[in-house]
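Structure first, commentary second.
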Amino acid sequence: MKAGEIFMSDPRILYNQDNYLWDFRYLPLVAIFFIPFYLAGFDLGFVLFNTLSLVLNIYTSVLIYKIALFVRHSDHEKNDDRVILYTCFYLMGVPHVFNYILGQFNVPFIFVILLSLYILLKKNQLKWQLVAGILIGLSIIFKPISLALVPFLLIIQLNVKQKKIIFDFPRSFMRILGVLIPSSLNVLLFYLYPEMFEGFMITNFTGASPIRINFSFSITKLIINFCYVYNIPFNQLQILFVVGAIVAGVAFFAYLLGKPNQYKIIYGYVLGILIQLLVFYDSWDHHLLNLTPLLIILMFNLPRHSKMTTPYFKRGFFFLNFFDLLFMSFWFLTAPYFPYNFYSTVFLIIIFIGTCKCCVFLDKILGKSEKGVELHGEKN
């Protein structure tokens, strides 16, 4: 809400962090969204914003239910009891507590992400590819780190045996074009107010904020905390780029190797969110709300008794959804001598490995009856 006030009064100081209790890290266009809540006053605005999040959470649950039923493997139970159960697990997730207390933006973000996924799974026409891309562009305005999702919108496969690349240019182009339409509006604001761009870069990448010791569970932050504690000289941008290159490189290469499949985009979305959580400086408990709905959908897409589900996904889902906040509290007890909140990191890495394996061997894991040729947008 403070961002909305500043945007109305003097947009040039939008990224002056002295004006905030918590750093404002978003792209400038999102500040416009907070103007109505600012005009309503802090108390009423806070209530209205959390009410909006609550309503969107209900619609998010509906999307989880609909998508899970649509992608559910044929060997799952025919009734919808387990889908409803896991949807309730999402609503019971402990990260919601942190999200509502801080008035965070995760619920609108994941609602838009799931809506785009629903469209990509259900609609094949070019106009719907554009709409889905626009929704991803909107999510970038909400949270810039969703840029990691963009490469996985490409409908592409590296065929090693035939030594060729299969690429669906029309649909891929429409998706990327859709992303550019809303997200590029921030470029105009950066052009009109150069101070904005400088402030955005300092806040998110080069300033003092990214190197502060905190309870982030990203790999980047764990390395920075280690260097900070033992007085090892470091450059936070170099650490970010190296970790990002490794994690994103492995993820996209695994995605490239996977054969075209109607459901492949689910695993691309999961990888995109995992890149955010493992690479960016600050990954906190409430950010897990961006991942847990996608894990539910992924688990229903896998065969009911797949050997991949429990070791790679189910255990990680339950830990992240119900126990991460508890282990995060341990950080405050151990921070003076052991400032590493690595518990969630372990599960995220396991989920990352499992998702990459699913991408590469998706046709074998799902079986012939569940194959779908994404390049043609239809099931066999």
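By order in the structure tokens, chains are A, B, ...; within a chain, residues start at 1; ligands start at 1, following the order shown.
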TODO: Would you mind listing what lies within 7 Å of region 175-187 of chain A as a ChimeraX atom specification, with only C-alpha atoms counted and same-chain residues fewer than 6 positions away left out?
DONE: /A:27-29,129-134,136-138,140-141,153
Restricting it to C-alpha atoms, dump the selection as a PDB file, in the first residue's frame.
```pdb
ATOM      1  CA  LEU A  27       8.375  -4.083 -10.926  1.00  0.00           C
ATOM      2  CA  PRO A  28       6.977  -0.529 -10.814  1.00  0.00           C
ATOM      3  CA  LEU A  29       3.694  -1.283 -12.571  1.00  0.00           C
ATOM      4  CA  GLN A 129      -1.758 -19.314 -26.540  1.00  0.00           C
ATOM      5  CA  LEU A 130      -1.637 -15.513 -26.657  1.00  0.00           C
ATOM      6  CA  VAL A 131      -4.031 -15.208 -23.703  1.00  0.00           C
ATOM      7  CA  ALA A 132      -1.964 -17.650 -21.644  1.00  0.00           C
ATOM      8  CA  GLY A 133       1.176 -15.685 -22.485  1.00  0.00           C
ATOM      9  CA  ILE A 134      -0.493 -12.443 -21.395  1.00  0.00           C
ATOM     10  CA  ILE A 136       2.342 -15.060 -17.606  1.00  0.00           C
ATOM     11  CA  GLY A 137       3.314 -11.475 -18.481  1.00  0.00           C
ATOM     12  CA  LEU A 138       0.904 -10.301 -15.783  1.00  0.00           C
ATOM     13  CA  ILE A 140       5.904 -11.117 -14.095  1.00  0.00           C
ATOM     14  CA  ILE A 141       4.442  -7.752 -13.086  1.00  0.00           C
ATOM     15  CA  LEU A 153       6.616 -21.825 -22.693  1.00  0.00           C
TER      16      LEU A 153
END
```
TODO: Using only C-alpha atoms, pick whichever of A:Gln262, A:Asn204, A:Asn19, A:Asn214 has the shortest atom-to-atom distance to Leu240 (chain A).
DONE: A:Asn204
TODO: Provide the CA of Arg72 (chain A) to CA of Asn57 (chain A) distance in Å, to one decimal place.
DONE: 21.7 Å
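The coordinates place CA of Leu147 (chain A) at 22.0 Å from CA of Gly354 (chain A).
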Would you give me, as a tab-separated table, each residue of region 47-142 of chain A having an atom within 12 Å of an atom of region 267-274 of chain A, along with its shortest atom pair and that distance in Å to one decimal, using only C-alpha atoms and sorting by chain and residue number?
```
residue	atom	partner	partner_atom	distance
A:Phe109	CA	A:Ile273	CA	11.5
A:Ile110	CA	A:Ile273	CA	10.2
A:Ile113	CA	A:Tyr269	CA	8.6
A:Leu114	CA	A:Tyr269	CA	9.4
A:Ser116	CA	A:Tyr269	CA	10.3
A:Leu117	CA	A:Tyr269	CA	8.1
A:Tyr118	CA	A:Tyr269	CA	11.7
A:Leu120	CA	A:Tyr269	CA	11.3
A:Ile136	CA	A:Tyr269	CA	10.8
A:Ser139	CA	A:Ile273	CA	11.9
```
